[in-house]
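Student: The structure file protein03.cif (mmCIF, C-alpha atoms) is provided below.
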```
data_my_file
#
loop_
_atom_site.label_atom_id
_atom_site.label_comp_id
_atom_site.auth_asym_id
_atom_site.auth_seq_id
_atom_site.Cartn_x
_atom_site.Cartn_y
_atom_site.Cartn_z
CA MET A 3 -66.58 8.81 -37.02
CA ARG A 4 -65.18 5.63 -35.49
CA ARG A 5 -62.04 6.19 -37.49
CA LEU A 6 -61.56 9.50 -35.67
CA ILE A 7 -62.42 8.25 -32.14
CA PHE A 8 -59.65 5.66 -31.87
CA PRO A 9 -56.79 8.02 -32.77
CA LEU A 10 -58.14 10.66 -30.36
CA ALA A 11 -58.42 8.12 -27.54
CA ALA A 12 -54.91 6.87 -28.12
CA ALA A 13 -53.57 10.42 -28.06
CA ALA A 14 -55.41 11.16 -24.81
CA LEU A 15 -54.02 8.05 -23.11
CA THR A 16 -50.52 8.93 -24.23
CA ALA A 17 -50.83 12.47 -22.90
CA CYS A 18 -52.14 11.28 -19.51
CA SER A 19 -49.56 8.52 -19.05
CA PRO A 20 -46.46 9.39 -16.99
CA LYS A 21 -43.40 9.98 -19.09
CA ALA A 22 -40.68 7.37 -18.83
CA GLN A 23 -37.74 8.65 -16.82
CA PRO A 24 -34.31 8.37 -18.44
CA VAL A 25 -32.22 5.56 -16.94
CA ALA A 26 -29.02 6.80 -15.36
CA ARG A 27 -25.98 5.28 -17.00
CA VAL A 28 -23.49 3.76 -14.62
CA ASP A 29 -19.89 3.74 -15.72
CA PRO A 30 -18.60 0.29 -14.63
CA VAL A 31 -15.01 1.50 -14.61
CA ALA A 32 -15.81 4.49 -12.39
CA ALA A 33 -17.86 2.27 -10.11
CA THR A 34 -14.99 -0.14 -9.54
CA THR A 35 -12.36 2.57 -9.06
CA ALA A 36 -14.36 4.79 -6.71
CA SER A 37 -12.32 5.79 -3.68
CA PRO A 38 -13.24 4.09 -0.41
CA PRO A 39 -14.54 6.28 2.41
CA ALA A 40 -11.95 8.06 4.50
CA ASP A 41 -13.05 9.55 7.81
CA ALA A 42 -10.02 8.63 9.89
CA PRO A 43 -9.00 11.43 12.28
CA ALA A 44 -5.72 13.32 12.20
CA GLY A 45 -3.06 12.26 14.69
CA ASP A 46 -0.13 9.95 15.29
CA TYR A 47 -0.46 6.39 14.02
CA GLY A 48 1.64 3.29 14.54
CA MET A 49 2.45 0.77 11.81
CA ASP A 50 0.36 -2.41 11.81
CA LEU A 51 3.05 -5.04 11.22
CA SER A 52 0.53 -7.74 10.34
CA HIS A 53 -0.63 -5.67 7.36
CA THR A 54 2.70 -4.28 6.18
CA SER A 55 5.07 -5.59 3.54
CA LEU A 56 8.33 -4.25 2.15
CA ASN A 57 9.48 -5.94 -1.06
CA PHE A 58 12.29 -5.05 -3.41
CA ARG A 59 13.35 -6.16 -6.89
CA ILE A 60 16.74 -6.10 -8.54
CA SER A 61 17.96 -7.25 -11.94
CA HIS A 62 19.72 -10.60 -12.14
CA LEU A 63 21.95 -10.90 -15.22
CA GLY A 64 19.41 -8.81 -17.12
CA LEU A 65 17.24 -11.94 -17.37
CA SER A 66 14.80 -11.46 -14.49
CA HIS A 67 14.12 -9.31 -11.46
CA TYR A 68 15.00 -11.12 -8.28
CA THR A 69 12.45 -10.33 -5.57
CA ALA A 70 13.02 -10.39 -1.82
CA ARG A 71 11.68 -8.67 1.29
CA PHE A 72 12.43 -7.48 4.80
CA THR A 73 10.23 -8.81 7.60
CA GLY A 74 11.55 -6.71 10.51
CA ILE A 75 10.03 -3.28 10.03
CA GLY A 76 8.38 -0.66 12.21
CA GLY A 77 7.21 2.90 11.75
CA ARG A 78 5.16 5.91 12.80
CA LEU A 79 3.01 8.27 10.77
CA THR A 80 1.71 11.74 11.54
CA PHE A 81 -1.56 11.87 9.59
CA ASP A 82 -3.44 15.06 8.68
CA PRO A 83 -5.82 14.78 5.71
CA ALA A 84 -6.63 18.51 5.92
CA GLN A 85 -2.97 19.48 5.60
CA PRO A 86 -1.25 16.63 3.70
CA ALA A 87 1.97 18.62 3.20
CA LYS A 88 2.45 18.59 6.98
CA GLN A 89 2.30 14.82 7.25
CA ALA A 90 5.42 12.85 8.16
CA VAL A 91 6.54 9.24 8.31
CA THR A 92 9.49 7.37 9.81
CA ALA A 93 10.43 3.73 9.30
CA THR A 94 13.09 1.45 10.75
CA ILE A 95 14.13 -1.81 9.08
CA ASP A 96 16.16 -4.63 10.58
CA ALA A 97 18.86 -5.29 7.97
CA GLY A 98 19.17 -8.83 9.31
CA SER A 99 15.53 -9.66 8.57
CA LEU A 100 16.06 -10.28 4.86
CA GLN A 101 13.97 -13.08 3.37
CA THR A 102 14.71 -14.44 -0.11
CA ASN A 103 12.82 -17.75 -0.17
CA TYR A 104 15.91 -19.51 -1.46
CA PRO A 105 14.76 -23.07 -2.28
CA THR A 106 17.59 -25.04 -0.60
CA PRO A 107 18.74 -23.13 2.50
CA ALA A 108 20.45 -26.28 3.84
CA GLU A 109 22.86 -26.10 0.90
CA LEU A 110 23.29 -22.32 0.89
CA ASP A 111 22.12 -19.76 3.45
CA PHE A 112 21.35 -17.20 0.76
CA ASP A 113 19.73 -14.75 3.19
CA SER A 114 22.92 -14.55 5.26
CA LEU A 115 25.04 -14.26 2.12
CA ILE A 116 23.11 -11.20 0.95
CA GLU A 117 23.12 -9.69 4.44
CA LYS A 118 26.89 -10.17 4.67
CA GLU A 119 28.11 -9.32 1.15
CA PHE A 120 25.61 -6.66 0.13
CA LEU A 121 24.23 -5.10 3.31
CA GLN A 122 27.00 -5.84 5.85
CA ALA A 123 24.18 -6.19 8.35
CA ALA A 124 26.50 -6.95 11.27
CA LYS A 125 28.16 -3.56 10.82
CA TYR A 126 25.05 -1.63 9.72
CA PRO A 127 22.14 -3.39 11.48
CA GLN A 128 19.50 -0.73 10.81
CA ILE A 129 18.03 0.85 7.70
CA THR A 130 15.98 3.98 8.34
CA PHE A 131 13.79 6.32 6.36
CA VAL A 132 12.76 9.74 7.70
CA SER A 133 10.52 11.88 5.53
CA THR A 134 11.58 15.48 4.92
CA LYS A 135 8.93 16.65 2.45
CA VAL A 136 5.44 15.61 1.34
CA GLU A 137 4.16 17.06 -1.94
CA PRO A 138 0.51 16.30 -2.80
CA THR A 139 0.14 15.26 -6.45
CA GLY A 140 -3.59 14.45 -6.44
CA PRO A 141 -6.61 14.00 -4.15
CA ARG A 142 -5.06 10.82 -2.68
CA THR A 143 -1.50 10.78 -3.98
CA ALA A 144 1.73 12.42 -2.87
CA ARG A 145 5.44 12.45 -3.53
CA VAL A 146 7.26 11.69 -0.29
CA THR A 147 10.94 12.60 -0.08
CA GLY A 148 13.03 11.47 2.84
CA ASP A 149 16.49 10.58 4.08
CA LEU A 150 17.30 6.90 3.57
CA SER A 151 20.15 5.63 5.75
CA LEU A 152 21.53 2.40 4.32
CA HIS A 153 24.94 0.73 4.61
CA GLY A 154 26.28 3.66 6.62
CA VAL A 155 25.29 6.25 4.00
CA THR A 156 22.38 8.71 4.11
CA ARG A 157 20.89 10.05 0.89
CA PRO A 158 17.52 11.45 -0.22
CA VAL A 159 15.07 9.02 -1.81
CA THR A 160 11.61 9.78 -3.20
CA LEU A 161 8.55 7.53 -2.95
CA GLU A 162 5.28 7.85 -4.86
CA ALA A 163 2.55 7.24 -2.29
CA THR A 164 -1.19 6.58 -2.53
CA PHE A 165 -3.66 6.95 0.35
CA ASN A 166 -6.04 3.99 0.01
CA GLY A 167 -8.57 5.09 2.62
CA GLY A 168 -9.34 4.61 6.28
CA TYR A 169 -11.91 4.87 9.02
CA LYS A 170 -12.31 6.27 12.50
CA ALA A 171 -12.43 4.26 15.70
CA GLY A 172 -15.60 2.39 16.57
CA GLN A 173 -15.85 0.37 13.36
CA MET A 174 -15.58 -3.01 15.15
CA ASP A 175 -11.80 -2.77 14.85
CA PRO A 176 -10.07 -3.34 18.22
CA SER A 177 -7.06 -1.37 16.96
CA GLY A 178 -9.10 1.83 16.71
CA ALA A 179 -8.81 4.14 13.71
CA ARG A 180 -7.08 2.64 10.66
CA ILE A 181 -5.54 4.03 7.47
CA GLY A 182 -3.75 2.36 4.56
CA PHE A 183 -1.13 3.36 2.00
CA SER A 184 0.76 1.99 -0.99
CA ALA A 185 4.14 3.36 -2.08
CA HIS A 186 6.89 2.62 -4.56
CA GLY A 187 10.24 4.08 -5.57
CA THR A 188 13.70 3.35 -6.95
CA PHE A 189 17.27 4.14 -5.99
CA LYS A 190 20.78 3.03 -6.95
CA ARG A 191 22.54 0.84 -4.43
CA SER A 192 25.90 2.16 -5.60
CA ASP A 193 24.87 5.56 -4.19
CA PHE A 194 24.99 3.88 -0.78
CA GLY A 195 28.36 2.22 -1.29
CA ILE A 196 26.96 -1.23 -2.12
CA ALA A 197 29.03 -2.27 -5.12
CA TYR A 198 29.20 -6.05 -4.67
CA GLY A 199 28.28 -7.88 -7.88
CA LEU A 200 27.67 -4.79 -10.01
CA PRO A 201 27.89 -5.56 -13.77
CA ALA A 202 30.84 -4.20 -15.72
CA PRO A 203 29.95 -1.05 -17.70
CA GLY A 204 27.96 -1.92 -20.81
CA THR A 205 27.01 -5.41 -19.60
CA THR A 206 24.29 -7.03 -17.49
CA MET A 207 26.48 -9.84 -16.15
CA GLY A 208 25.90 -9.35 -12.48
CA VAL A 209 23.34 -7.94 -10.06
CA GLY A 210 21.76 -4.67 -11.14
CA ASP A 211 22.38 -1.29 -9.59
CA GLU A 212 18.78 -0.05 -9.51
CA VAL A 213 16.61 -1.27 -6.63
CA GLU A 214 12.82 -1.11 -6.96
CA VAL A 215 10.94 -0.87 -3.68
CA THR A 216 7.24 -1.61 -3.15
CA ILE A 217 5.52 -0.93 0.17
CA GLU A 218 2.03 -1.80 1.42
CA SER A 219 1.18 -0.66 4.91
CA GLU A 220 -1.64 0.04 7.33
CA PHE A 221 -1.40 2.25 10.41
CA THR A 222 -3.64 2.27 13.48
CA ARG A 223 -4.46 4.70 16.26
CA LYS A 224 -6.30 3.91 19.49
#
```
What's the structure tokens form of this structure?

Tutor:
Amino acid sequence: MRRLIFPLAAAALTACSPKAQPVARVDPVAATTASPPADAPAGDYGMDLSHTSLNFRISHLGLSHYTARFTGIGGRLTFDPAQPAKQAVTATIDAGSLQTNYPTPAELDFDSLIEKEFLQAAKYPQITFVSTKVEPTGPRTARVTGDLSLHGVTRPVTLEATFNGGYKAGQMDPSGARIGFSAHGTFKRSDFGIAYGLPAPGTTMGVGDEVEVTIESEFTRK
């Protein structure tokens, strides 16, 4: 009899005990790549210069990609998350604000050399970009085409842009609402009449034709 009681008691306890709930599996990759909240309102935003950078890379002898930047930049953005295709951006760059971090400027003013020989900044002091089309490519990505005016020539250039998120005013930010973007693209400088130092056909002995541009920027709205 005792042999029967213990199995019955164990079965009863098992039946009355709450069933263990399955543990939800968290994907660590998804958790780290989740999009930040974005509740910034639509409207016109101004570029936050303290959180904006414009860098470019260009091949040097085929051995490395020389990297430099412009520090004088400003811009405006018409933001509308509900209708991304209707968004627009304009940017103005001071061609004389080139910064190369050349190690011995006392021996060679490399910034001025590039501004003079490549950009002719005295003659063409401004570089501008005015968007003409925004094509959404994903929930937070878009292909932005615009007119780039450089070295006295205007041609279309396309940037791949990513909306990184934002927030509305009242988030302890004195600048008000804030949004942030990353963008990158390429173009050929020869298309804009900048031929100085181009390698001879079939060689890499010179400064490359293709320019890679990387932009990080935040915009604010009171």

Student: Pull out every residue that the PyMOL selection byres ((chain A and resi 49) around 6) matches in the shown coordinates and put them as a list in words.

Tutor: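 Evaluating the PyMOL selection byres ((chain A and resi 49) around 6) on these coordinates yields Gly48, Asp50, Leu51, Gly77, Arg78 and Phe221 of chain A.
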
Student: Got a sec to resolve the PyMOL selection byres ((chain A and resi 210) around 7) on this structure and send the residues as a compact mmCIF listing (two decimals) with C-alpha atoms, in the frame of the given file?

Tutor:
```txt
# COMPACT_ATOMS: atom_id res chain seq x y z
CA ILE A 60 16.74 -6.10 -8.54
CA SER A 61 17.96 -7.25 -11.94
CA HIS A 62 19.72 -10.60 -12.14
CA LEU A 200 27.67 -4.79 -10.01
CA PRO A 201 27.89 -5.56 -13.77
CA GLY A 208 25.90 -9.35 -12.48
CA VAL A 209 23.34 -7.94 -10.06
CA ASP A 211 22.38 -1.29 -9.59
CA GLU A 212 18.78 -0.05 -9.51
```

Student: On this structure, the PyMOL selection byres ((chain A and resi 142) around 7) would catch which residues? List them as an mmCIF file with C-alpha atoms, keeping the file's coordinate frame, sorted by chain and number.

Tutor:
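Below is the file selection_12.cif, written as the result:
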```cif
data_model
loop_
_atom_site.group_PDB
_atom_site.id
_atom_site.type_symbol
_atom_site.label_atom_id
_atom_site.label_comp_id
_atom_site.auth_asym_id
_atom_site.auth_seq_id
_atom_site.Cartn_x
_atom_site.Cartn_y
_atom_site.Cartn_z
ATOM 1 C CA GLY A 140 -3.590 14.450 -6.440
ATOM 2 C CA PRO A 141 -6.610 14.000 -4.150
ATOM 3 C CA THR A 143 -1.500 10.780 -3.980
ATOM 4 C CA ALA A 144 1.730 12.420 -2.870
ATOM 5 C CA THR A 164 -1.190 6.580 -2.530
ATOM 6 C CA PHE A 165 -3.660 6.950 0.350
#
```

Student: Have a look at A:Thr216, A:Gln89, A:Thr156, A:Thr94 and name the one nearest to Glu137 (chain A); count all atoms listed in the file.

Tutor: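 Looking at the shortest contact to Glu137 (chain A), the residue is A:Gln89.
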
Student: Taking (22.4, -12.6, 3.6) as a centre in this file's frame and 9 Å as the limit, can you find every polymer residue with an atom that close, using all atoms listed in the file, and give them as a PyMOL selection string?

Tutor: chain A and resi 98-102+111-123

Student: What is the CA of Arg191 (chain A) to CA of Glu109 (chain A) distance in Å?

Tutor: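 Taking CA of Arg191 (chain A) as the start and CA of Glu109 (chain A) as the end point, the length is 27.5 Å.
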
Student: Closest to Thr160 (chain A) among A:Thr139, A:Ser55, A:Thr134, A:Gln173, using only C-alpha atoms?

Tutor: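 Using only C-alpha atoms, the shortest distance to Thr160 (chain A) belongs to A:Thr134.
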
Student: Taking (12.0, 1.0, -1.1) in the file's coordinates, which residues come within 10 Å, counting only C-alpha atoms, written as a list in words?

Tutor: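 Residues with an atom close enough to that point: Leu56, Asn57, Phe58, Arg59, Arg71, Phe131, Leu150, Val159, Thr160, Leu161, Ala185, His186, Gly187, Thr188, Phe189, Val213, Glu214, Val215, Thr216 and Ile217 of chain A.
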
Student: So, counting only C-alpha atoms, which residue among A:Pro86, A:Gly178, A:Gly167, A:Gly172 is closest to Pro138 (chain A)?

Tutor: A:Pro86

Student: Using all atoms listed in the file, pick whichever of A:His153, A:Glu218, A:Glu162, A:Pro105 has the shortest atom-to-atom distance to Ala124 (chain A).

Tutor: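 With all atoms listed in the file as the atom set, the closest residue is A:His153.
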